[in-house]
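K.L.:
Quick one: the structure is below, questions incoming.
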Amino acid sequence: MSECVSRRRDPLPITCIMYRRNENLPQTINIVRAHTHNLKDVTVQIPLRKQVAIAGVSGSGKSSLAMGVLYAEGSRRYLEGLSAFTRRKLHQMERADAEKIEFLPPALALRQRPPMLGRRSTVGTVTEIYNLLRLMFSRLGTHQCPKGHRVNPSLTAILNEECVCPECGMSFPLPSAETFSFNSALGACPVCGGLGERAEVDPALVIADPNKTIRQGAVASWRAAGRGYTVRLVAQLGVRIDVPWKELSKKEQEIVLRGKQTKRPLTFHNRETGEEYPITFTYDNAVEAVRQSLAGDRNQTRYARMKKFLSVRPCEHCHGTRLRPEALLTRLGGLSIAEAAALTINELKHFTDELPNHLESPLRPVAEKLAEGMRREIDPMLELGIGYLTLDRSGGTLSTGERQRLELLNMAKSHSTGILYVLDEPSVGLHPANVAGLQRIMRRMVTNGNSLVVVDHNLEIIRGADYMIEMGPQAGERGGQVVAEGTPNQVAHMPNSVTGNYLSRRQMVHGRKQRSIKQNHSFVEISVHDLHNLHDVTACFPLNRMTAVTGVSGAGKTALIQGALVPAIRTHLNKTSLPTYVDHLTGAAEIRRILVVDAAPIGRNARSTPATYTGIFDLIRNLFAQASAEAGRKWDAGYFSFNVKGGRCAVCEGKGEMALDMQYLPEQRVRCPHCGGTRYEPETLTINVRGKSIADVLEMNIDEAAGFFADVPGLVEPLRLLQSVGLGYLRLGEPTPGLSGGEAQRMKLAGELQKHHQGTLYILDEPSTGLHPQNIEMLLGVLDRLMAEDSTVILIDHDPDLIANCDYVVDLGPGGGPSGGKVVAEGTPEQVAKISESLTGNYLANRMRMVSK
């Protein structure tokens with residue numbers, strides 16, 4: 001017995017301990033009877049430490065399961081481990097609507113629309129590559145002594161903070177990495193504070209409407225700054241406040257715009273006591289009022305409100321580099337740090353690889369170590385096809401797809417383990433050539449011991465998953481169920497799986513019959529002289545046809561269409577001069593109207609809904625106003641609006657939700673505890689139309705509402721159009737900012753279906769975003785209806801199925817950034833597929849081979 005006990009107490013090898021621990025680890029996240037949004041008693045097991053794809057048509061419940069259950073509950077449980085103050089707020093955060101969720105790791109999400117980056121953010125700071133570059137310049141750069149002599153780097157100078165100039169013998173402090181940071185007082189330009197630009201108050205912008213009087217609000221900056229009392233002050237200075245601004249004398253306008261500060265008393269009347277008392281205020285002119293509002297703390301809300309009065313231009317002191325002049329004196333490889341930051345990632349890799357060869361032998365080991373770290377940061381960016389970006393690119397200029405990929409890179413390089421990553425459409429904006437790089441990065445995250453749940457429609461990403469779950473069978477109330485699960489290969493052989501049909505290639509996207517391009521066909525032709533990476537580029541687009549503009553990220557697609565063609569067409573329609581960077585525009589005589597339909601969110605907050613966006617909420621509110629009159633209340637239609645005071649909830653002001661401050665963490669949105677998310681006061685909900693309150697109607701989806709209001713003139717047609725673009729599953733009161741990019745585009749297109757389209761040029765940016773192959777067929781049908789009256793469609797996209805169904809293709813490239821900006825191929829999809837130099841053509845050719853089989 002003692003021998004047995006002794007043997008048990010012997011220490012086990014570490015590998016044995018780890019093996020036994022892993023043996024006992026849970027293998028799946030267990031979800032039992034989830035009901036979030038449209039989920040119907042969903043019970044499912046999601047493998048841990050695997051890559052799991054969630055697929056299904058739009059609105060089938062994919063995001064409800066991934067974001068509404070897994071991420072929402074995973075992040076809530078993570079917060080439970082934080083401070084007591086934070087935990088006290090958790091009771092306001094709703095638990096995921098499920099009977100039980102077991103073995104759920106802490107969760108992080110990569111959203112389809114990552115937040116906009118701040119003014120101080122650049123590609124270099126977001127990726128932290130700029131930190132390495134600053135270290136390189138401080139340790140390996142050639143510095144300049146105070147007398148202007150060049151001092152070469154040496155190993156002894158890494159070791160010391162002081163350096164002695166070999167020319168003049170002067171000792172000076174070596175620049176540190178902070179010296180090259182524009183977010184540090186040591187390196188930031190003293191004039192712009194490291195922003196690289198200066199925002200000056202523009203006197204022309206502070207006047208809202210020259211036809212209004214000052215009393216009517218002609219001076220917009222006073223109102224925006226909360227200084228309405230200034231109207232009374234300026235009247236004391238001899239300025240007429242009841243005369244239109246444009247009729248005021250130059251002296252009066254000068255007092256308003258640039259008048260000196262002066263103190264003046266104003267008399268206020270106390271309504272309760274009847275007393276009058278004077279208060280002295282300082283008069284600030286319209287320009288100074290903006291400056292005062294922006295002074296002090298960097299309040300983002302206040303800045304957003306006041307920036308409309310600012311004109312932004314590059315800082316004249318640092319010329320946009322953001323740095324002090326002293327920081328630009330150090331050279332490395334013949335470049336200043338500003339010049340190195342202006343290199344593309346592709347160019348920076350070459351610069352890094354060559355750097356050790358230009359240094360003396362003692363410094364090469366240090367240079368190699370720094371270069372190796374730089375390569376580790378750069379290579380994943382090249383895999384994702386964003387090697388065309390530069391480190392000094394401002395974060396605010398990045399596209400949604402670019403921001404998403406940078407956020408994914410930050411997740412991947414953290415080398416965390418045991419995390420659940422929920423990725424929402426990571427393939428947004430990716431050319432098929434870059435999907436393989438994305439898959440490699442996701443696979444590395446799994447190899448590190450993390451779990452990945454990926455919501456995506458890209459069939460290659462689904463095929464690369466270890467396991468997949470398909471939601472459906474349809475959208476909205478007809479979805480919300482697990483219809484298939486297993487490995488992608490297993491699901492591909494399930495005949496009842498919609499996604500499986502496309503995975504197995506039993507079904508291909510065929511949404512329309514292509515229209516031929518005849519020899520004498522009319523084209524719009526544009527020639528661009530110099531815009532971004534477009535230099536002397538000419539492109540043609542057939543009228544009354546559907547054209548796809550393609551190419552890898554950064555190839556110049558957006559520059560050509562959004563930057564050049566759209567402004568040029570608008571100048572044609574307005575009969576004004578072409579933009580300076582456009583050499584000529586021909587063939588546009590038949591175009592009478594242009595409409596850009598992008599995937600940008602509809603509305604800015606929860607107040608925008610399908611009901612308000614389409615205008616049908618006005619008619620619905622009128623019905624409730626009539627019902628209130630019949631009930632003896634006599635409330636008007638405005639009483640039933642959640643955007644104005646009246647019947648709306650007084651606590652959340654009709655939003656149905658409230659912001660929960662989480663200290664140093666991002667704020668959380670929670671359901672209003674007073675109205676329970678209905679948006680209205682209880683009394684308002686006592687008025688019914690056909691047994692439904694106004695809140696009940698907003699909870700209806702479009703399909704339900706179409707049946708409910710089938711006999712109401714004015715409501716039938718708008719609801720039918722929304723159904724025709726496949727949005728019947730959306731709720732009338734659903735916040736539109738939360739819609740996917742594809743849903744937002746289709747909602748915008750629905751309104752076009754009831755208009756006359758003849759002579760209209762439609763521009764669509766990434767219309768395949770968030771669309772299942774089945775939904776792409778529906779989109780193609782909608783676009784074909786728009787073209788029935790001789791309109792023209794130009795779309796920018798990467799999806800081979802969508803491109804193959806277009807009439808014409810203009811492919812840009814061959815690469816991104818400086819390597820792009822050329823028309824690589826143009827013609828019908830079949831013609832482009834035969835051009836070997838075209839990356840897009842290669843994927844089209846592969847698709848056509850699949851179809852022929």
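Ordered as shown in the structure tokens, chains take letters A, B, and onward, while each chain numbers its residues from 1 and ligands are numbered from 1 in the order shown.
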Would you write out, as JSON lines, a table of all residues in stretch 382-429 of chain A that have an atom no more than 12 Å from an atom of stretch 588-604 of chain A, listing for each the closest atom pair and the distance in Å to one decimal, considering only C-alpha atoms and ordering rows by chain and rising residue number?
P.N.:
```
{"residue": "A:Ser399", "atom": "CA", "partner": "A:Ala600", "partner_atom": "CA", "distance": 10.8}
{"residue": "A:Thr400", "atom": "CA", "partner": "A:Ala600", "partner_atom": "CA", "distance": 9.4}
{"residue": "A:Gly401", "atom": "CA", "partner": "A:Ala599", "partner_atom": "CA", "distance": 11.6}
{"residue": "A:Val428", "atom": "CA", "partner": "A:Ala599", "partner_atom": "CA", "distance": 11.1}
{"residue": "A:Gly429", "atom": "CA", "partner": "A:Ala599", "partner_atom": "CA", "distance": 11.5}
```
K.L.:
Could you please take those selected residues and save all heavy atoms as a PDB file, in the first residue's frame?
P.N.:
```
ATOM      1  N   SER A 399     -10.902  52.318 -45.645  1.00  0.00           N
ATOM      2  CA  SER A 399     -12.222  51.759 -45.933  1.00  0.00           C
ATOM      3  C   SER A 399     -12.620  50.796 -44.825  1.00  0.00           C
ATOM      4  O   SER A 399     -11.810  50.409 -43.978  1.00  0.00           O
ATOM      5  CB  SER A 399     -12.198  51.019 -47.277  1.00  0.00           C
ATOM      6  OG  SER A 399     -11.413  49.833 -47.165  1.00  0.00           O
ATOM      7  N   THR A 400     -13.896  50.390 -44.844  1.00  0.00           N
ATOM      8  CA  THR A 400     -14.386  49.445 -43.840  1.00  0.00           C
ATOM      9  C   THR A 400     -13.591  48.144 -43.880  1.00  0.00           C
ATOM     10  O   THR A 400     -13.179  47.618 -42.847  1.00  0.00           O
ATOM     11  CB  THR A 400     -15.875  49.143 -44.072  1.00  0.00           C
ATOM     12  OG1 THR A 400     -16.612  50.365 -43.986  1.00  0.00           O
ATOM     13  CG2 THR A 400     -16.402  48.165 -43.040  1.00  0.00           C
ATOM     14  N   GLY A 401     -13.367  47.624 -45.089  1.00  0.00           N
ATOM     15  CA  GLY A 401     -12.618  46.374 -45.224  1.00  0.00           C
ATOM     16  C   GLY A 401     -11.187  46.507 -44.739  1.00  0.00           C
ATOM     17  O   GLY A 401     -10.643  45.585 -44.118  1.00  0.00           O
ATOM     18  N   VAL A 428     -14.955  40.756 -46.298  1.00  0.00           N
ATOM     19  CA  VAL A 428     -15.448  41.997 -46.909  1.00  0.00           C
ATOM     20  C   VAL A 428     -14.296  42.726 -47.613  1.00  0.00           C
ATOM     21  O   VAL A 428     -13.241  42.968 -47.024  1.00  0.00           O
ATOM     22  CB  VAL A 428     -16.073  42.919 -45.842  1.00  0.00           C
ATOM     23  CG1 VAL A 428     -16.302  44.311 -46.406  1.00  0.00           C
ATOM     24  CG2 VAL A 428     -17.382  42.342 -45.348  1.00  0.00           C
ATOM     25  N   GLY A 429     -14.497  43.058 -48.875  1.00  0.00           N
ATOM     26  CA  GLY A 429     -13.509  43.829 -49.619  1.00  0.00           C
ATOM     27  C   GLY A 429     -12.309  43.039 -50.093  1.00  0.00           C
ATOM     28  O   GLY A 429     -11.373  43.612 -50.636  1.00  0.00           O
TER      29      GLY A 429
END
```
K.L.:
Residues of stretch 88-246 of chain A in alpha helix (DSSP H) according to DSSP, as a PyMOL selection string?
P.N.:
chain A and resi 88-89+123-127+129-140+156-159+220-224+230-236
K.L.:
Write out, as a CSV table (one decimal), in the first residue's frame, the residues just selected, with N, CA, C and O atoms.
P.N.:
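And here's again_2.csv as it stands now:
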```csv
chain,number,residue,atom,x,y,z
A,88,ARG,N,-21.2,45.6,-10.7
A,88,ARG,CA,-22.5,46.1,-10.2
A,88,ARG,C,-23.4,46.5,-11.4
A,88,ARG,O,-24.6,46.6,-11.3
A,89,LYS,N,-22.7,46.9,-12.5
A,89,LYS,CA,-23.5,47.3,-13.7
A,89,LYS,C,-24.0,46.2,-14.5
A,89,LYS,O,-24.8,46.3,-15.4
A,123,VAL,N,-2.0,54.0,-40.1
A,123,VAL,CA,-1.7,52.6,-40.3
A,123,VAL,C,-0.6,52.1,-39.4
A,123,VAL,O,-0.6,51.1,-38.8
A,124,GLY,N,0.4,53.0,-39.3
A,124,GLY,CA,1.6,52.7,-38.5
A,124,GLY,C,1.3,52.5,-37.0
A,124,GLY,O,1.9,51.6,-36.4
A,125,THR,N,0.5,53.4,-36.5
A,125,THR,CA,0.2,53.3,-35.0
A,125,THR,C,-0.8,52.2,-34.7
A,125,THR,O,-0.6,51.5,-33.7
A,126,VAL,N,-1.7,51.9,-35.7
A,126,VAL,CA,-2.7,50.9,-35.4
A,126,VAL,C,-2.0,49.5,-35.4
A,126,VAL,O,-2.3,48.6,-34.6
A,127,THR,N,-1.1,49.3,-36.4
A,127,THR,CA,-0.4,48.0,-36.5
A,127,THR,C,0.8,47.9,-35.6
A,127,THR,O,1.4,46.9,-35.4
A,129,ILE,N,3.6,49.0,-36.2
A,129,ILE,CA,4.9,48.9,-37.0
A,129,ILE,C,5.7,50.2,-36.9
A,129,ILE,O,6.9,50.1,-36.9
A,130,TYR,N,5.0,51.3,-36.7
A,130,TYR,CA,5.7,52.5,-36.6
A,130,TYR,C,6.6,52.6,-35.3
A,130,TYR,O,7.6,53.2,-35.3
A,131,ASN,N,6.2,51.8,-34.3
A,131,ASN,CA,7.0,51.7,-33.1
A,131,ASN,C,8.4,51.1,-33.4
A,131,ASN,O,9.4,51.5,-33.0
A,132,LEU,N,8.3,50.0,-34.3
A,132,LEU,CA,9.6,49.4,-34.7
A,132,LEU,C,10.4,50.3,-35.5
A,132,LEU,O,11.6,50.3,-35.4
A,133,LEU,N,9.7,51.1,-36.4
A,133,LEU,CA,10.5,52.0,-37.3
A,133,LEU,C,11.1,53.1,-36.5
A,133,LEU,O,12.3,53.4,-36.7
A,134,ARG,N,10.5,53.6,-35.4
A,134,ARG,CA,11.1,54.6,-34.5
A,134,ARG,C,12.3,54.0,-33.8
A,134,ARG,O,13.3,54.7,-33.7
A,135,LEU,N,12.2,52.8,-33.4
A,135,LEU,CA,13.3,52.1,-32.8
A,135,LEU,C,14.5,52.0,-33.7
A,135,LEU,O,15.7,52.2,-33.3
A,136,MET,N,14.2,51.6,-35.0
A,136,MET,CA,15.3,51.5,-36.0
A,136,MET,C,16.0,52.8,-36.2
A,136,MET,O,17.2,52.9,-36.2
A,137,PHE,N,15.2,53.9,-36.3
A,137,PHE,CA,15.8,55.2,-36.5
A,137,PHE,C,16.6,55.7,-35.3
A,137,PHE,O,17.7,56.3,-35.5
A,138,SER,N,16.2,55.4,-34.1
A,138,SER,CA,16.9,55.9,-32.9
A,138,SER,C,18.2,55.1,-32.7
A,138,SER,O,19.2,55.6,-32.3
A,139,ARG,N,18.2,53.8,-33.1
A,139,ARG,CA,19.3,52.9,-32.8
A,139,ARG,C,20.3,52.8,-34.0
A,139,ARG,O,21.5,52.7,-33.8
A,140,LEU,N,19.8,52.9,-35.2
A,140,LEU,CA,20.6,52.7,-36.4
A,140,LEU,C,20.8,53.9,-37.3
A,140,LEU,O,21.5,53.8,-38.2
A,156,THR,N,28.7,51.5,-29.6
A,156,THR,CA,28.9,52.1,-28.3
A,156,THR,C,27.8,53.2,-28.0
A,156,THR,O,27.3,53.4,-26.9
A,157,ALA,N,27.3,53.8,-29.1
A,157,ALA,CA,26.3,54.8,-29.0
A,157,ALA,C,24.9,54.1,-28.7
A,157,ALA,O,24.0,54.7,-28.2
A,158,ILE,N,24.5,52.7,-28.7
A,158,ILE,CA,23.3,52.0,-28.2
A,158,ILE,C,23.4,51.8,-26.8
A,158,ILE,O,22.4,51.8,-26.0
A,159,LEU,N,24.5,51.8,-26.5
A,159,LEU,CA,24.8,51.6,-25.0
A,159,LEU,C,24.8,52.9,-24.2
A,159,LEU,O,24.8,52.8,-23.0
A,220,ALA,N,-24.8,80.2,-37.4
A,220,ALA,CA,-25.0,78.9,-36.9
A,220,ALA,C,-24.0,78.5,-35.8
A,220,ALA,O,-24.3,77.7,-34.9
A,221,SER,N,-22.9,79.1,-35.7
A,221,SER,CA,-21.9,78.8,-34.7
A,221,SER,C,-22.3,79.2,-33.3
A,221,SER,O,-22.0,78.5,-32.3
A,222,TRP,N,-23.1,80.3,-33.1
A,222,TRP,CA,-23.6,80.7,-31.8
A,222,TRP,C,-24.6,79.6,-31.3
A,222,TRP,O,-24.5,79.2,-30.1
A,223,ARG,N,-25.4,79.1,-32.2
A,223,ARG,CA,-26.4,78.1,-31.8
A,223,ARG,C,-25.7,76.8,-31.5
A,223,ARG,O,-26.1,76.2,-30.5
A,224,ALA,N,-24.8,76.4,-32.3
A,224,ALA,CA,-24.1,75.1,-32.0
A,224,ALA,C,-23.2,75.1,-30.8
A,224,ALA,O,-23.1,74.1,-30.1
A,230,THR,N,-26.1,85.3,-27.2
A,230,THR,CA,-25.2,86.3,-28.0
A,230,THR,C,-26.0,87.1,-28.9
A,230,THR,O,-25.6,88.2,-29.3
A,231,VAL,N,-27.2,86.6,-29.4
A,231,VAL,CA,-28.0,87.4,-30.3
A,231,VAL,C,-28.4,88.7,-29.6
A,231,VAL,O,-28.4,89.8,-30.2
A,232,ARG,N,-28.8,88.7,-28.3
A,232,ARG,CA,-29.1,89.9,-27.6
A,232,ARG,C,-27.9,90.8,-27.3
A,232,ARG,O,-28.0,92.0,-27.4
A,233,LEU,N,-26.7,90.1,-27.1
A,233,LEU,CA,-25.5,90.9,-26.9
A,233,LEU,C,-25.1,91.7,-28.2
A,233,LEU,O,-24.8,92.9,-28.1
A,234,VAL,N,-25.2,91.0,-29.3
A,234,VAL,CA,-24.7,91.7,-30.6
A,234,VAL,C,-25.7,92.8,-30.9
A,234,VAL,O,-25.2,93.8,-31.6
A,235,ALA,N,-26.9,92.8,-30.5
A,235,ALA,CA,-27.9,93.9,-30.8
A,235,ALA,C,-27.4,95.1,-30.0
A,235,ALA,O,-27.6,96.2,-30.5
A,236,GLN,N,-26.8,94.9,-28.8
A,236,GLN,CA,-26.3,96.1,-28.1
A,236,GLN,C,-25.1,96.7,-28.7
A,236,GLN,O,-24.8,97.9,-28.4
```
K.L.:
Neighbours of A:Tyr808 within 9 Å (only C-alpha atoms; same-chain residues fewer than 6 positions away dropped), as a VMD selection string?
P.N.:
chain A and resid 516 to 517 541 to 542 545 to 549 826 to 829 832
K.L.:
Save the residues we just selected, N, CA and C atoms, as a JSON list (two decimals), in the first residue's frame?
P.N.:
```json
[["chain", "number", "residue", "atom", "x", "y", "z"],
["A", 516, "SER", "N", -25.77, 41.21, -74.73],
["A", 516, "SER", "CA", -24.59, 41.26, -75.59],
["A", 516, "SER", "C", -24.11, 42.70, -75.80],
["A", 517, "ILE", "N", -22.84, 42.84, -76.11],
["A", 517, "ILE", "CA", -22.23, 44.14, -76.43],
["A", 517, "ILE", "C", -21.97, 44.16, -77.93],
["A", 541, "PHE", "N", -17.22, 52.26, -70.43],
["A", 541, "PHE", "CA", -18.32, 51.54, -69.80],
["A", 541, "PHE", "C", -19.52, 51.56, -70.74],
["A", 542, "PRO", "N", -20.02, 50.38, -71.12],
["A", 542, "PRO", "CA", -21.15, 50.35, -72.06],
["A", 542, "PRO", "C", -22.44, 50.87, -71.42],
["A", 545, "ARG", "N", -26.04, 48.67, -69.92],
["A", 545, "ARG", "CA", -25.51, 47.35, -69.59],
["A", 545, "ARG", "C", -25.01, 47.35, -68.15],
["A", 546, "MET", "N", -24.69, 46.15, -67.64],
["A", 546, "MET", "CA", -24.17, 46.01, -66.29],
["A", 546, "MET", "C", -22.68, 45.70, -66.36],
["A", 547, "THR", "N", -21.88, 46.60, -65.76],
["A", 547, "THR", "CA", -20.43, 46.47, -65.80],
["A", 547, "THR", "C", -19.88, 46.24, -64.40],
["A", 548, "ALA", "N", -18.96, 45.29, -64.29],
["A", 548, "ALA", "CA", -18.26, 45.05, -63.02],
["A", 548, "ALA", "C", -16.86, 45.66, -63.12],
["A", 549, "VAL", "N", -16.49, 46.47, -62.13],
["A", 549, "VAL", "CA", -15.14, 47.01, -62.03],
["A", 549, "VAL", "C", -14.42, 46.19, -60.96],
["A", 826, "GLU", "N", -10.34, 44.28, -70.19],
["A", 826, "GLU", "CA", -11.72, 44.74, -70.30],
["A", 826, "GLU", "C", -12.42, 43.98, -71.41],
["A", 827, "GLY", "N", -13.72, 43.80, -71.24],
["A", 827, "GLY", "CA", -14.50, 43.04, -72.20],
["A", 827, "GLY", "C", -15.58, 42.25, -71.49],
["A", 828, "THR", "N", -16.20, 41.32, -72.18],
["A", 828, "THR", "CA", -17.19, 40.46, -71.54],
["A", 828, "THR", "C", -16.47, 39.56, -70.54],
["A", 829, "PRO", "N", -17.20, 38.98, -69.57],
["A", 829, "PRO", "CA", -16.54, 38.06, -68.63],
["A", 829, "PRO", "C", -15.79, 36.94, -69.35],
["A", 832, "VAL", "N", -12.48, 38.42, -70.67],
["A", 832, "VAL", "CA", -11.53, 38.69, -69.58],
["A", 832, "VAL", "C", -10.96, 37.39, -69.04]]
```
K.L.:
Extract, using only C-alpha atoms, all DNA, RNA and protein residues at most 10 Å from stretch 364-380 of chain A, discarding same-chain residues fewer than 4 positions from it, and format them as a PyMOL selection string.
P.N.:
chain A and resi 127-133+135-136+139-140+155+158+345-346+348-360+384-387+405-406+409-410+412-413+437-438+440-441
K.L.:
Could you please take those selected residues and save N, CA and C atoms as a compact mmCIF listing (two decimals), in the first residue's frame?
P.N.:
```
# COMPACT_ATOMS: atom_id res chain seq x y z
N THR A 127 -1.10 49.30 -36.40
CA THR A 127 -0.40 48.02 -36.50
C THR A 127 0.81 47.94 -35.57
N GLU A 128 1.22 49.10 -35.01
CA GLU A 128 2.40 49.22 -34.14
C GLU A 128 3.70 49.02 -34.91
N ILE A 129 3.65 48.97 -36.24
CA ILE A 129 4.87 48.88 -37.04
C ILE A 129 5.68 50.16 -36.90
N TYR A 130 4.98 51.28 -36.71
CA TYR A 130 5.69 52.55 -36.56
C TYR A 130 6.58 52.55 -35.31
N ASN A 131 6.18 51.80 -34.28
CA ASN A 131 7.02 51.69 -33.08
C ASN A 131 8.36 51.07 -33.42
N LEU A 132 8.33 50.01 -34.25
CA LEU A 132 9.58 49.37 -34.68
C LEU A 132 10.42 50.30 -35.54
N LEU A 133 9.74 51.06 -36.41
CA LEU A 133 10.46 51.98 -37.28
C LEU A 133 11.14 53.07 -36.45
N LEU A 135 12.20 52.75 -33.42
CA LEU A 135 13.34 52.11 -32.75
C LEU A 135 14.52 51.97 -33.72
N MET A 136 14.21 51.61 -34.95
CA MET A 136 15.27 51.50 -35.97
C MET A 136 16.00 52.82 -36.16
N ARG A 139 18.18 53.77 -33.05
CA ARG A 139 19.35 52.92 -32.80
C ARG A 139 20.31 52.84 -33.97
N LEU A 140 19.78 52.93 -35.18
CA LEU A 140 20.62 52.67 -36.35
C LEU A 140 20.79 53.88 -37.26
N LEU A 155 27.97 50.92 -32.19
CA LEU A 155 27.47 50.04 -31.14
C LEU A 155 27.60 50.68 -29.77
N ILE A 158 24.55 52.67 -28.74
CA ILE A 158 23.34 52.01 -28.24
C ILE A 158 23.42 51.84 -26.75
N ILE A 345 3.74 49.32 -47.69
CA ILE A 345 4.19 48.18 -46.91
C ILE A 345 5.09 47.29 -47.77
N ASN A 346 4.75 47.14 -49.04
CA ASN A 346 5.61 46.38 -49.96
C ASN A 346 7.00 46.99 -50.06
N LEU A 348 8.35 49.03 -47.89
CA LEU A 348 8.98 49.00 -46.57
C LEU A 348 9.64 47.65 -46.32
N LYS A 349 9.04 46.58 -46.82
CA LYS A 349 9.65 45.25 -46.68
C LYS A 349 10.99 45.21 -47.39
N HIS A 350 11.04 45.76 -48.59
CA HIS A 350 12.31 45.80 -49.34
C HIS A 350 13.34 46.66 -48.60
N PHE A 351 12.89 47.81 -48.10
CA PHE A 351 13.76 48.70 -47.33
C PHE A 351 14.35 47.97 -46.11
N THR A 352 13.49 47.20 -45.42
CA THR A 352 13.92 46.47 -44.22
C THR A 352 14.90 45.36 -44.58
N ASP A 353 14.61 44.63 -45.66
CA ASP A 353 15.50 43.53 -46.06
C ASP A 353 16.88 44.02 -46.44
N GLU A 354 16.96 45.19 -47.06
CA GLU A 354 18.24 45.71 -47.52
C GLU A 354 19.01 46.46 -46.45
N LEU A 355 18.33 46.84 -45.38
CA LEU A 355 18.94 47.71 -44.38
C LEU A 355 20.24 47.17 -43.78
N PRO A 356 20.31 45.89 -43.33
CA PRO A 356 21.56 45.42 -42.73
C PRO A 356 22.76 45.52 -43.65
N ASN A 357 22.53 45.42 -44.95
CA ASN A 357 23.65 45.47 -45.91
C ASN A 357 24.29 46.84 -45.99
N HIS A 358 23.57 47.88 -45.54
CA HIS A 358 24.08 49.25 -45.62
C HIS A 358 24.75 49.71 -44.33
N LEU A 359 24.83 48.83 -43.35
CA LEU A 359 25.39 49.21 -42.06
C LEU A 359 26.72 48.51 -41.82
N GLU A 360 27.51 49.08 -40.93
CA GLU A 360 28.80 48.47 -40.60
C GLU A 360 28.59 47.16 -39.86
N LEU A 384 -2.88 39.52 -46.54
CA LEU A 384 -4.25 40.03 -46.66
C LEU A 384 -4.42 41.03 -47.80
N GLY A 385 -3.36 41.23 -48.56
CA GLY A 385 -3.49 42.08 -49.75
C GLY A 385 -3.56 43.56 -49.48
N ILE A 386 -3.00 44.02 -48.35
CA ILE A 386 -3.01 45.46 -48.06
C ILE A 386 -1.59 46.01 -48.03
N GLY A 387 -0.73 45.39 -48.83
CA GLY A 387 0.64 45.87 -48.93
C GLY A 387 0.77 47.22 -49.60
N ARG A 405 -9.50 44.42 -41.61
CA ARG A 405 -8.32 43.57 -41.74
C ARG A 405 -7.21 43.97 -40.77
N LEU A 406 -7.07 45.26 -40.51
CA LEU A 406 -6.07 45.69 -39.53
C LEU A 406 -6.46 45.24 -38.13
N LEU A 409 -5.62 41.61 -37.83
CA LEU A 409 -4.18 41.41 -37.64
C LEU A 409 -3.78 41.64 -36.19
N ASN A 410 -4.37 42.66 -35.57
CA ASN A 410 -4.07 42.91 -34.16
C ASN A 410 -4.54 41.76 -33.27
N ALA A 412 -4.77 38.62 -34.28
CA ALA A 412 -3.94 37.45 -34.56
C ALA A 412 -2.56 37.54 -33.92
N LYS A 413 -1.98 38.72 -33.89
CA LYS A 413 -0.61 38.83 -33.39
C LYS A 413 -0.53 38.92 -31.87
N GLY A 437 -4.71 34.03 -47.95
CA GLY A 437 -3.95 34.66 -46.89
C GLY A 437 -4.77 34.84 -45.63
N LEU A 438 -6.04 35.22 -45.80
CA LEU A 438 -6.94 35.35 -44.66
C LEU A 438 -7.11 34.00 -43.96
N ARG A 440 -5.02 31.51 -43.85
CA ARG A 440 -3.79 31.14 -43.12
C ARG A 440 -3.73 31.85 -41.77
N ILE A 441 -4.13 33.13 -41.75
CA ILE A 441 -4.10 33.89 -40.50
C ILE A 441 -5.12 33.32 -39.51
```
K.L.:
So, with only C-alpha atoms as the atoms that count, which of A:Arg113, A:Tyr843, A:Glu470, A:Asn520 lies closest to A:Ser497?
P.N.:
A:Glu470
K.L.:
When you draw a straight line from atom CA of A:Lys212 to atom CA of A:Lys308, how long is it in Å?
P.N.:
18.8 Å
K.L.:
For A:Leu343, which of A:Glu460, A:Asp392, A:Glu316, A:Glu73 is the closest residue, counting only C-alpha atoms?
P.N.:
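Looking at the shortest contact to A:Leu343, the residue is A:Asp392.
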K.L.:
Quick one: residues within 10 Å of A:Glu326, only C-alpha atoms, excluding same-chain residues fewer than 5 positions away - as an MDAnalysis selection string?
P.N.:
chainID A and resid 143:144 175 179:180 186:187 189
K.L.:
Restricting the output to N, CA and C atoms, write the selected residues as a compact mmCIF listing (two decimals), in the first residue's frame.
P.N.:
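Once written, out27.txt looks like this:
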```txt
# COMPACT_ATOMS: atom_id res chain seq x y z
N HIS A 143 22.63 60.46 -37.09
CA HIS A 143 22.10 61.65 -36.45
C HIS A 143 22.90 62.89 -36.83
N GLN A 144 22.47 64.02 -36.38
CA GLN A 144 23.15 65.28 -36.70
C GLN A 144 23.46 66.01 -35.41
N PRO A 175 18.93 60.87 -29.97
CA PRO A 175 17.47 60.80 -30.07
C PRO A 175 16.97 59.44 -29.60
N THR A 179 11.49 60.48 -29.64
CA THR A 179 11.81 61.67 -30.45
C THR A 179 11.10 61.60 -31.79
N PHE A 180 10.79 60.40 -32.25
CA PHE A 180 10.18 60.22 -33.57
C PHE A 180 8.68 59.93 -33.49
N LEU A 186 7.90 65.04 -27.17
CA LEU A 186 9.27 65.10 -27.68
C LEU A 186 9.33 65.15 -29.20
N GLY A 187 8.35 64.51 -29.87
CA GLY A 187 8.43 64.43 -31.32
C GLY A 187 7.37 65.18 -32.08
N CYS A 189 5.00 67.88 -33.79
CA CYS A 189 5.14 69.24 -34.32
C CYS A 189 4.51 70.22 -33.33
```
